[in-house]
file start.txt (compact mmCIF, N, CA, C and O atoms and all ligand atoms)
# COMPACT_ATOMS: atom_id res chain seq x y z
N MET A 1 220.31 150.92 69.81
CA MET A 1 219.12 150.11 69.53
C MET A 1 219.00 149.00 70.57
O MET A 1 219.94 148.28 70.83
N HIS A 2 217.84 148.90 71.11
CA HIS A 2 217.60 147.85 72.10
C HIS A 2 216.62 146.83 71.55
O HIS A 2 215.63 147.19 70.93
N SER A 3 216.93 145.59 71.79
CA SER A 3 215.96 144.56 71.44
C SER A 3 214.94 144.45 72.57
O SER A 3 215.11 145.04 73.63
N ALA A 4 213.91 143.71 72.31
CA ALA A 4 212.87 143.57 73.32
C ALA A 4 213.42 142.89 74.56
O ALA A 4 214.31 142.04 74.46
N PRO A 5 212.89 143.27 75.70
CA PRO A 5 213.36 142.62 76.93
C PRO A 5 213.21 141.11 76.86
O PRO A 5 212.18 140.60 76.49
N GLY A 6 214.26 140.44 77.16
CA GLY A 6 214.25 138.98 77.18
C GLY A 6 214.75 138.50 78.51
O GLY A 6 214.72 139.25 79.48
N PRO A 7 215.24 137.30 78.59
CA PRO A 7 215.66 136.74 79.87
C PRO A 7 216.77 137.56 80.54
O PRO A 7 216.86 137.57 81.75
N GLU A 8 217.60 138.23 79.73
CA GLU A 8 218.70 138.98 80.33
C GLU A 8 218.30 140.41 80.68
O GLU A 8 219.10 141.18 81.16
N TRP A 9 217.06 140.73 80.37
CA TRP A 9 216.56 142.06 80.68
C TRP A 9 215.60 141.95 81.84
O TRP A 9 214.73 141.10 81.84
N GLU A 10 215.78 142.81 82.82
CA GLU A 10 214.85 142.80 83.93
C GLU A 10 214.42 144.22 84.23
O GLU A 10 215.25 145.08 84.53
N THR A 11 213.13 144.44 84.11
CA THR A 11 212.62 145.78 84.41
C THR A 11 212.09 145.84 85.83
O THR A 11 211.81 146.92 86.34
N ALA A 12 211.95 144.67 86.47
CA ALA A 12 211.47 144.66 87.86
C ALA A 12 212.64 144.58 88.82
O ALA A 12 213.63 143.89 88.56
N CYS A 13 212.53 145.32 89.90
CA CYS A 13 213.58 145.31 90.93
C CYS A 13 213.65 143.92 91.57
O CYS A 13 212.62 143.33 91.90
N ARG A 14 214.87 143.41 91.74
CA ARG A 14 215.03 142.08 92.31
C ARG A 14 214.71 142.05 93.80
O ARG A 14 214.45 140.99 94.36
N ILE A 15 214.77 143.21 94.44
CA ILE A 15 214.49 143.25 95.88
C ILE A 15 212.99 143.40 96.14
O ILE A 15 212.43 142.64 96.92
N CYS A 16 212.38 144.38 95.49
CA CYS A 16 211.00 144.74 95.87
C CYS A 16 209.99 144.52 94.76
O CYS A 16 208.79 144.62 95.01
N GLY A 17 210.44 144.26 93.53
CA GLY A 17 209.49 144.02 92.45
C GLY A 17 208.96 145.27 91.77
O GLY A 17 208.12 145.17 90.89
N HIS A 18 209.45 146.45 92.18
CA HIS A 18 209.01 147.69 91.53
C HIS A 18 209.30 147.59 90.04
O HIS A 18 210.41 147.25 89.64
N ASP A 19 208.28 147.87 89.23
CA ASP A 19 208.44 147.67 87.78
C ASP A 19 207.77 148.81 87.03
O ASP A 19 206.89 148.60 86.24
N ASP A 20 208.20 150.01 87.31
CA ASP A 20 207.55 151.16 86.69
C ASP A 20 208.58 152.18 86.25
O ASP A 20 208.27 153.35 86.10
N ASP A 21 209.82 151.72 86.06
CA ASP A 21 210.88 152.64 85.65
C ASP A 21 211.07 152.57 84.14
O ASP A 21 210.93 151.52 83.55
N PRO A 22 211.41 153.70 83.51
CA PRO A 22 211.68 153.66 82.08
C PRO A 22 212.93 152.85 81.75
O PRO A 22 213.03 152.26 80.68
N GLU A 23 213.88 152.81 82.68
CA GLU A 23 215.13 152.08 82.47
C GLU A 23 215.02 150.69 83.07
O GLU A 23 214.49 150.53 84.17
N PRO A 24 215.54 149.67 82.37
CA PRO A 24 215.59 148.35 83.01
C PRO A 24 216.64 148.35 84.13
O PRO A 24 217.62 149.10 84.06
N PHE A 25 216.41 147.55 85.14
CA PHE A 25 217.41 147.45 86.21
C PHE A 25 218.58 146.58 85.77
O PHE A 25 219.71 146.78 86.21
N TRP A 26 218.27 145.61 84.91
CA TRP A 26 219.32 144.73 84.37
C TRP A 26 219.19 144.72 82.87
O TRP A 26 218.10 144.59 82.32
N GLU A 27 220.34 144.87 82.21
CA GLU A 27 220.40 144.98 80.76
C GLU A 27 221.44 144.02 80.24
O GLU A 27 222.60 144.09 80.66
N GLY A 28 221.04 143.14 79.34
CA GLY A 28 222.01 142.22 78.74
C GLY A 28 222.78 141.44 79.80
O GLY A 28 223.97 141.17 79.64
N GLY A 29 222.12 141.11 80.90
CA GLY A 29 222.76 140.34 81.95
C GLY A 29 223.66 141.16 82.87
O GLY A 29 224.37 140.61 83.71
N ARG A 30 223.65 142.49 82.70
CA ARG A 30 224.49 143.35 83.53
C ARG A 30 223.64 144.33 84.33
O ARG A 30 222.61 144.79 83.86
N PRO A 31 224.10 144.65 85.54
CA PRO A 31 223.36 145.63 86.34
C PRO A 31 223.43 147.01 85.71
O PRO A 31 224.49 147.44 85.26
N ASN A 32 222.32 147.69 85.67
CA ASN A 32 222.26 149.05 85.14
C ASN A 32 222.58 149.99 86.29
O ASN A 32 221.68 150.51 86.97
N GLU A 33 223.87 150.18 86.52
CA GLU A 33 224.29 150.98 87.66
C GLU A 33 223.79 152.41 87.51
O GLU A 33 223.86 152.98 86.43
N GLY A 34 223.29 152.93 88.57
CA GLY A 34 222.71 154.27 88.52
C GLY A 34 221.20 154.23 88.45
O GLY A 34 220.55 155.23 88.73
N ALA A 35 220.65 153.07 88.06
CA ALA A 35 219.19 152.93 88.04
C ALA A 35 218.73 152.56 89.45
O ALA A 35 218.47 151.40 89.74
N ILE A 36 218.69 153.54 90.32
CA ILE A 36 218.32 153.28 91.70
C ILE A 36 216.81 153.12 91.81
O ILE A 36 216.05 153.91 91.25
N CYS A 37 216.40 152.08 92.50
CA CYS A 37 214.97 151.80 92.64
C CYS A 37 214.33 152.87 93.53
O CYS A 37 214.78 153.07 94.66
N PRO A 38 213.29 153.55 93.04
CA PRO A 38 212.66 154.59 93.85
C PRO A 38 211.89 154.02 95.03
O PRO A 38 211.57 154.73 95.97
N CYS A 39 211.63 152.72 94.96
CA CYS A 39 210.85 152.09 96.02
C CYS A 39 211.75 151.67 97.17
O CYS A 39 211.74 152.26 98.24
N CYS A 40 212.59 150.64 96.94
CA CYS A 40 213.40 150.13 98.04
C CYS A 40 214.76 150.80 98.12
O CYS A 40 215.49 150.62 99.09
N GLY A 41 215.14 151.57 97.08
CA GLY A 41 216.41 152.28 97.11
C GLY A 41 217.59 151.44 96.67
O GLY A 41 218.73 151.89 96.74
N ASN A 42 217.33 150.23 96.19
CA ASN A 42 218.44 149.38 95.76
C ASN A 42 219.02 149.86 94.43
O ASN A 42 218.30 150.25 93.53
N GLU A 43 220.35 149.83 94.35
CA GLU A 43 221.04 150.11 93.10
C GLU A 43 221.54 148.79 92.57
O GLU A 43 222.28 148.09 93.26
N PRO A 44 221.11 148.41 91.36
CA PRO A 44 221.53 147.10 90.85
C PRO A 44 223.05 146.99 90.81
O PRO A 44 223.74 147.93 90.39
N SER A 45 223.57 145.87 91.26
CA SER A 45 225.01 145.65 91.21
C SER A 45 225.26 144.16 91.15
O SER A 45 224.33 143.35 91.31
N MET A 46 226.52 143.79 90.94
CA MET A 46 226.85 142.38 90.85
C MET A 46 226.66 141.67 92.19
O MET A 46 226.74 140.45 92.26
N LYS A 47 226.40 142.45 93.25
CA LYS A 47 226.08 141.81 94.53
C LYS A 47 224.71 141.14 94.47
O LYS A 47 224.43 140.25 95.27
N ASP A 48 223.89 141.62 93.52
CA ASP A 48 222.51 141.13 93.46
C ASP A 48 222.36 139.86 92.65
O ASP A 48 221.39 139.68 91.92
N VAL A 49 223.34 138.98 92.75
CA VAL A 49 223.26 137.72 92.02
C VAL A 49 223.10 136.54 92.99
O VAL A 49 223.13 135.40 92.57
N SER A 50 222.94 136.85 94.26
CA SER A 50 222.76 135.81 95.26
C SER A 50 221.34 135.89 95.81
O SER A 50 220.93 136.93 96.33
N VAL A 51 220.59 134.80 95.64
CA VAL A 51 219.21 134.79 96.15
C VAL A 51 219.22 135.02 97.66
O VAL A 51 218.38 135.74 98.19
N ILE A 52 220.20 134.43 98.34
CA ILE A 52 220.28 134.59 99.80
C ILE A 52 220.47 136.06 100.15
O ILE A 52 219.80 136.60 101.03
N GLY A 53 221.40 136.72 99.44
CA GLY A 53 221.65 138.13 99.71
C GLY A 53 220.43 138.98 99.41
O GLY A 53 220.11 139.91 100.15
N LEU A 54 219.75 138.66 98.30
CA LEU A 54 218.55 139.42 97.93
C LEU A 54 217.47 139.24 98.99
O LEU A 54 216.79 140.20 99.36
N ARG A 55 217.33 138.02 99.48
CA ARG A 55 216.31 137.77 100.51
C ARG A 55 216.64 138.53 101.79
O ARG A 55 215.75 139.05 102.47
N GLU A 56 217.93 138.59 102.10
CA GLU A 56 218.34 139.35 103.29
C GLU A 56 217.99 140.82 103.14
O GLU A 56 217.44 141.44 104.04
N ASN A 57 218.34 141.38 101.96
CA ASN A 57 218.05 142.79 101.71
C ASN A 57 216.55 143.05 101.73
O ASN A 57 216.09 144.05 102.28
N ARG A 58 215.80 142.12 101.12
CA ARG A 58 214.35 142.28 101.06
C ARG A 58 213.77 142.21 102.47
O ARG A 58 212.90 143.01 102.84
N GLY A 59 214.27 141.25 103.26
CA GLY A 59 213.78 141.09 104.62
C GLY A 59 214.07 142.33 105.46
O GLY A 59 213.24 142.76 106.27
N HIS A 60 215.25 142.91 105.26
CA HIS A 60 215.63 144.12 105.99
C HIS A 60 214.69 145.27 105.62
O HIS A 60 214.20 145.99 106.48
N TRP A 61 214.42 145.40 104.31
CA TRP A 61 213.56 146.48 103.83
C TRP A 61 212.13 146.29 104.35
O TRP A 61 211.51 147.24 104.85
N LEU A 62 211.63 145.06 104.27
CA LEU A 62 210.28 144.79 104.76
C LEU A 62 210.21 145.00 106.26
O LEU A 62 209.21 145.50 106.79
N GLY A 63 211.29 144.62 106.96
CA GLY A 63 211.32 144.76 108.41
C GLY A 63 211.24 146.20 108.88
O GLY A 63 210.84 146.49 110.01
N GLN A 64 211.63 147.11 107.98
CA GLN A 64 211.54 148.53 108.32
C GLN A 64 210.18 149.11 107.93
O GLN A 64 209.95 150.31 108.06
N GLY A 65 209.30 148.25 107.41
CA GLY A 65 207.99 148.71 107.01
C GLY A 65 207.92 149.06 105.54
O GLY A 65 207.03 149.81 105.11
N ALA A 66 208.86 148.52 104.73
CA ALA A 66 208.87 148.75 103.28
C ALA A 66 208.80 150.24 102.93
O ALA A 66 207.89 150.67 102.21
N PRO A 67 209.73 151.04 103.44
CA PRO A 67 209.70 152.47 103.14
C PRO A 67 210.12 152.77 101.71
O PRO A 67 210.98 152.08 101.15
N TRP A 68 209.53 153.78 101.11
CA TRP A 68 209.92 154.22 99.76
C TRP A 68 211.15 155.11 99.87
O TRP A 68 211.19 156.05 100.67
N ASP A 69 212.13 154.83 99.01
CA ASP A 69 213.32 155.66 98.97
C ASP A 69 212.98 157.04 98.41
O ASP A 69 213.53 158.05 98.85
N SER A 70 212.10 157.08 97.43
CA SER A 70 211.62 158.35 96.87
C SER A 70 210.10 158.39 97.06
O SER A 70 209.35 157.96 96.19
N PRO A 71 209.67 158.86 98.22
CA PRO A 71 208.24 158.78 98.56
C PRO A 71 207.32 159.44 97.54
O PRO A 71 206.17 159.06 97.40
N SER A 72 207.86 160.43 96.77
CA SER A 72 206.99 161.11 95.80
C SER A 72 206.58 160.19 94.66
O SER A 72 205.64 160.46 93.94
N PHE A 73 207.30 159.07 94.50
CA PHE A 73 206.97 158.12 93.44
C PHE A 73 205.94 157.10 93.91
O PHE A 73 205.49 156.28 93.12
N ARG A 74 205.61 157.14 95.17
CA ARG A 74 204.72 156.10 95.71
C ARG A 74 203.29 156.34 95.20
O ARG A 74 202.70 157.38 95.47
N PRO A 75 202.73 155.37 94.46
CA PRO A 75 201.34 155.53 93.99
C PRO A 75 200.38 155.55 95.16
O PRO A 75 200.62 154.89 96.18
N LYS A 76 199.30 156.29 94.99
CA LYS A 76 198.31 156.40 96.08
C LYS A 76 197.71 155.04 96.42
O LYS A 76 197.40 154.75 97.56
N ASP A 77 197.54 154.23 95.37
CA ASP A 77 196.91 152.93 95.60
C ASP A 77 197.96 151.81 95.62
O ASP A 77 197.69 150.69 95.24
N TRP A 78 199.17 152.17 96.08
CA TRP A 78 200.25 151.19 96.10
C TRP A 78 199.88 149.97 96.91
O TRP A 78 199.36 150.08 98.02
N ASP A 79 200.15 148.80 96.33
CA ASP A 79 199.85 147.53 96.99
C ASP A 79 201.12 146.68 96.97
O ASP A 79 201.51 146.14 95.94
N ILE A 80 201.77 146.59 98.11
CA ILE A 80 203.04 145.88 98.16
C ILE A 80 202.88 144.41 97.78
O ILE A 80 203.76 143.83 97.14
N LEU A 81 201.74 143.82 98.12
CA LEU A 81 201.56 142.41 97.81
C LEU A 81 201.45 142.18 96.31
O LEU A 81 201.89 141.15 95.79
N GLU A 82 200.85 143.17 95.60
CA GLU A 82 200.81 143.08 94.15
C GLU A 82 202.21 143.28 93.57
O GLU A 82 202.62 142.60 92.64
N GLN A 83 202.94 144.25 94.15
CA GLN A 83 204.25 144.58 93.60
C GLN A 83 205.25 143.42 93.72
O GLN A 83 206.00 143.15 92.79
N VAL A 84 205.26 142.76 94.85
CA VAL A 84 206.27 141.70 95.03
C VAL A 84 206.04 140.53 94.07
O VAL A 84 206.96 139.74 93.83
N LYS A 85 204.84 140.46 93.48
CA LYS A 85 204.60 139.41 92.48
C LYS A 85 205.45 139.62 91.23
O LYS A 85 205.62 138.70 90.44
N ASN A 86 205.94 140.87 91.04
CA ASN A 86 206.77 141.16 89.87
C ASN A 86 208.19 140.65 90.02
O ASN A 86 208.94 140.63 89.04
N ILE A 87 208.59 140.30 91.23
CA ILE A 87 209.97 139.83 91.43
C ILE A 87 210.15 138.55 90.61
O ILE A 87 209.37 137.62 90.75
N PRO A 88 211.15 138.55 89.71
CA PRO A 88 211.34 137.35 88.90
C PRO A 88 211.49 136.11 89.79
O PRO A 88 212.14 136.16 90.83
N ALA A 89 210.88 135.03 89.35
CA ALA A 89 210.78 133.82 90.19
C ALA A 89 212.14 133.39 90.73
O ALA A 89 212.24 132.95 91.88
N GLU A 90 213.19 133.52 89.92
CA GLU A 90 214.49 133.01 90.40
C GLU A 90 215.10 133.86 91.50
O GLU A 90 216.09 133.45 92.11
N TRP A 91 214.55 135.03 91.78
CA TRP A 91 215.10 135.91 92.81
C TRP A 91 214.21 136.02 94.02
O TRP A 91 214.44 136.83 94.90
N ARG A 92 213.17 135.22 94.07
CA ARG A 92 212.25 135.31 95.21
C ARG A 92 212.81 134.59 96.42
O ARG A 92 213.46 133.58 96.28
ZN ZN B 101 213.29 147.96 94.62
call {"tool": "encode", "arguments": {"input": "start.txt", "output": "C-alpha cells"}}
result
Amino acid sequence: MHSAPGPEWETACRICGHDDDPEPFWEGGRPNEGAICPCCGNEPSMKDVSVIGLRENRGHWLGQGAPWDSPSFRPKDWDILEQVKNIPAEWR
C-alpha cells in the first residue's frame, strides 16, 4: 500500500524533470533503483543528493543536446522548457 506522494516522493526526474513514469523515482526518501529515466537516462541513486552534482549531470546532458535515452518514449510535442519546470525546486 502506498500513501499519496508527499515530500519524500518524487515522480519527476531530478536531472531533467521527466514526470511521466508510473513508478516514482524517489520513494520514502530513497532512490527507486532500476527506475531509469527514459529521457536523460539517469538511474536514481544516493549520488543524486547533491545539487552541484545534479547540475553537473544536467549540464552534461543539455550540452549533448538533451538526447532521449529511450527515443521511442519521446512525445512528438516534447518541450524541454516545459519539462524542466517539473524539476523540484530544491534540485534546480
Ligand atoms: Zn531524467
call {"tool": "closest_residue", "arguments": {"input": "start.txt", "among": "A:Pro24, A:Pro75, A:Gly63, A:Gly41", "to": "ligand ZN 101 (chain B)", "atoms": "all atoms listed in the file"}}
result
A:Gly41
call {"tool": "closest_residue", "arguments": {"input": "start.txt", "among": "A:Leu54, A:Glu33, A:Pro44, A:Asn86", "to": "Asp19 in chain A", "atoms": "all atoms listed in the file"}}
result
A:Asn86
call {"tool": "residues_near_ligand", "arguments": {"input": "start.txt", "ligand": "ligand ZN 101 (chain B)", "cutoff": "7 Å", "atoms": "only N, CA, C and O atoms and all ligand atoms", "output": "NGL selection string"}}
result
:A and (12-18 or 36-42)
call {"tool": "residues_around", "arguments": {"input": "start.txt", "residues": "Glu23 in chain A", "least_positions_apart": "2", "cutoff": "7 Å", "atoms": "only N, CA, C and O atoms", "output": "list in words"}}
result
Glu10, Thr11, Ala12, Asp20, Asp21, Phe25, Trp26 and Ala35 of chain A
call {"tool": "residues_around", "arguments": {"input": "start.txt", "residues": "Val51 in chain A", "least_positions_apart": "6", "cutoff": "7 Å", "atoms": "all atoms listed in the file", "output": "list in words"}}
result
Asn57, Glu90, Trp91 and Arg92 of chain A
call {"tool": "write_last_selection", "arguments": {"input": "start.txt", "atoms": "N, CA, C and O atoms", "output": "short mmCIF file (atom, residue, chain, number, x, y, z; two decimals), keeping the file's coordinate frame"}}
result
data_model
loop_
_atom_site.label_atom_id
_atom_site.label_comp_id
_atom_site.auth_asym_id
_atom_site.auth_seq_id
_atom_site.Cartn_x
_atom_site.Cartn_y
_atom_site.Cartn_z
N ASN A 57 218.34 141.38 101.96
CA ASN A 57 218.05 142.79 101.71
C ASN A 57 216.55 143.05 101.73
O ASN A 57 216.09 144.05 102.28
N GLU A 90 213.19 133.52 89.92
CA GLU A 90 214.49 133.01 90.40
C GLU A 90 215.10 133.86 91.50
O GLU A 90 216.09 133.45 92.11
N TRP A 91 214.55 135.03 91.78
CA TRP A 91 215.10 135.91 92.81
C TRP A 91 214.21 136.02 94.02
O TRP A 91 214.44 136.83 94.90
N ARG A 92 213.17 135.22 94.07
CA ARG A 92 212.25 135.31 95.21
C ARG A 92 212.81 134.59 96.42
O ARG A 92 213.46 133.58 96.28
#
call {"tool": "select_by_dssp", "arguments": {"input": "start.txt", "residues": "chain A", "states": "strand (DSSP E or B)", "output": "ChimeraX atom specification"}}
result
/A:10,26-27,30-31
call {"tool": "closest_residue", "arguments": {"input": "start.txt", "among": "A:Trp78, A:Arg58, A:Glu8, A:Gln83", "to": "Gly29 in chain A", "atoms": "only N, CA, C and O atoms"}}
result
A:Glu8
call {"tool": "closest_residue", "arguments": {"input": "start.txt", "among": "A:Ala66, A:Phe73, A:Pro31, A:Lys85", "to": "Glu43 in chain A", "atoms": "all atoms listed in the file"}}
result
A:Pro31
call {"tool": "select_by_dssp", "arguments": {"input": "start.txt", "residues": "chain A", "states": "alpha helix (DSSP H)", "output": "PDB file with N, CA, C and O atoms, in the coordinates of the input"}}
result
ATOM      1  N   VAL A  51     220.590 134.800  95.640  1.00  0.00           N
ATOM      2  CA  VAL A  51     219.210 134.790  96.150  1.00  0.00           C
ATOM      3  C   VAL A  51     219.220 135.020  97.660  1.00  0.00           C
ATOM      4  O   VAL A  51     218.380 135.740  98.190  1.00  0.00           O
ATOM      5  N   ILE A  52     220.200 134.430  98.340  1.00  0.00           N
ATOM      6  CA  ILE A  52     220.280 134.590  99.800  1.00  0.00           C
ATOM      7  C   ILE A  52     220.470 136.060 100.150  1.00  0.00           C
ATOM      8  O   ILE A  52     219.800 136.600 101.030  1.00  0.00           O
ATOM      9  N   GLY A  53     221.400 136.720  99.440  1.00  0.00           N
ATOM     10  CA  GLY A  53     221.650 138.130  99.710  1.00  0.00           C
ATOM     11  C   GLY A  53     220.430 138.980  99.410  1.00  0.00           C
ATOM     12  O   GLY A  53     220.110 139.910 100.150  1.00  0.00           O
ATOM     13  N   LEU A  54     219.750 138.660  98.300  1.00  0.00           N
ATOM     14  CA  LEU A  54     218.550 139.420  97.930  1.00  0.00           C
ATOM     15  C   LEU A  54     217.470 139.240  98.990  1.00  0.00           C
ATOM     16  O   LEU A  54     216.790 140.200  99.360  1.00  0.00           O
ATOM     17  N   ARG A  55     217.330 138.020  99.480  1.00  0.00           N
ATOM     18  CA  ARG A  55     216.310 137.770 100.510  1.00  0.00           C
ATOM     19  C   ARG A  55     216.640 138.530 101.790  1.00  0.00           C
ATOM     20  O   ARG A  55     215.750 139.050 102.470  1.00  0.00           O
ATOM     21  N   GLU A  56     217.930 138.590 102.100  1.00  0.00           N
ATOM     22  CA  GLU A  56     218.340 139.350 103.290  1.00  0.00           C
ATOM     23  C   GLU A  56     217.990 140.820 103.140  1.00  0.00           C
ATOM     24  O   GLU A  56     217.440 141.440 104.040  1.00  0.00           O
ATOM     25  N   ASN A  57     218.340 141.380 101.960  1.00  0.00           N
ATOM     26  CA  ASN A  57     218.050 142.790 101.710  1.00  0.00           C
ATOM     27  C   ASN A  57     216.550 143.050 101.730  1.00  0.00           C
ATOM     28  O   ASN A  57     216.090 144.050 102.280  1.00  0.00           O
ATOM     29  N   ARG A  58     215.800 142.120 101.120  1.00  0.00           N
ATOM     30  CA  ARG A  58     214.350 142.280 101.060  1.00  0.00           C
ATOM     31  C   ARG A  58     213.770 142.210 102.470  1.00  0.00           C
ATOM     32  O   ARG A  58     212.900 143.010 102.840  1.00  0.00           O
ATOM     33  N   GLY A  59     214.270 141.250 103.260  1.00  0.00           N
ATOM     34  CA  GLY A  59     213.780 141.090 104.620  1.00  0.00           C
ATOM     35  C   GLY A  59     214.070 142.330 105.460  1.00  0.00           C
ATOM     36  O   GLY A  59     213.240 142.760 106.270  1.00  0.00           O
ATOM     37  N   HIS A  60     215.250 142.910 105.260  1.00  0.00           N
ATOM     38  CA  HIS A  60     215.630 144.120 105.990  1.00  0.00           C
ATOM     39  C   HIS A  60     214.690 145.270 105.620  1.00  0.00           C
ATOM     40  O   HIS A  60     214.200 145.990 106.480  1.00  0.00           O
ATOM     41  N   TRP A  61     214.420 145.400 104.310  1.00  0.00           N
ATOM     42  CA  TRP A  61     213.560 146.480 103.830  1.00  0.00           C
ATOM     43  C   TRP A  61     212.130 146.290 104.350  1.00  0.00           C
ATOM     44  O   TRP A  61     211.510 147.240 104.850  1.00  0.00           O
ATOM     45  N   LEU A  62     211.630 145.060 104.270  1.00  0.00           N
ATOM     46  CA  LEU A  62     210.280 144.790 104.760  1.00  0.00           C
ATOM     47  C   LEU A  62     210.210 145.000 106.260  1.00  0.00           C
ATOM     48  O   LEU A  62     209.210 145.500 106.790  1.00  0.00           O
ATOM     49  N   GLY A  63     211.290 144.620 106.960  1.00  0.00           N
ATOM     50  CA  GLY A  63     211.320 144.760 108.410  1.00  0.00           C
ATOM     51  C   GLY A  63     211.240 146.200 108.880  1.00  0.00           C
ATOM     52  O   GLY A  63     210.840 146.490 110.010  1.00  0.00           O
ATOM     53  N   ILE A  80     201.770 146.590  98.110  1.00  0.00           N
ATOM     54  CA  ILE A  80     203.040 145.880  98.160  1.00  0.00           C
ATOM     55  C   ILE A  80     202.880 144.410  97.780  1.00  0.00           C
ATOM     56  O   ILE A  80     203.760 143.830  97.140  1.00  0.00           O
ATOM     57  N   LEU A  81     201.740 143.820  98.120  1.00  0.00           N
ATOM     58  CA  LEU A  81     201.560 142.410  97.810  1.00  0.00           C
ATOM     59  C   LEU A  81     201.450 142.180  96.310  1.00  0.00           C
ATOM     60  O   LEU A  81     201.890 141.150  95.790  1.00  0.00           O
ATOM     61  N   GLU A  82     200.850 143.170  95.600  1.00  0.00           N
ATOM     62  CA  GLU A  82     200.810 143.080  94.150  1.00  0.00           C
ATOM     63  C   GLU A  82     202.210 143.280  93.570  1.00  0.00           C
ATOM     64  O   GLU A  82     202.620 142.600  92.640  1.00  0.00           O
ATOM     65  N   GLN A  83     202.940 144.250  94.150  1.00  0.00           N
ATOM     66  CA  GLN A  83     204.250 144.580  93.600  1.00  0.00           C
ATOM     67  C   GLN A  83     205.250 143.420  93.720  1.00  0.00           C
ATOM     68  O   GLN A  83     206.000 143.150  92.790  1.00  0.00           O
TER      69      GLN A  83
END
call {"tool": "closest_residue", "arguments": {"input": "start.txt", "among": "A:Trp61, A:Met46, A:Trp9, A:Pro67", "to": "Gly28 in chain A", "atoms": "all atoms listed in the file"}}
result
A:Trp9
call {"tool": "atom_distance", "arguments": {"input": "start.txt", "atom1": "atom N of Ile80 in chain A", "atom2": "CA of Trp68 in chain A"}}
result
11.3 Å
call {"tool": "atom_distance", "arguments": {"input": "start.txt", "atom1": "CA of Ile87 in chain A", "atom2": "CA of Ser45 in chain A"}}
result
16.1 Å
call {"tool": "atom_distance", "arguments": {"input": "start.txt", "atom1": "atom O of Arg30 in chain A", "atom2": "atom C of Ser70 in chain A"}}
result
22.7 Å
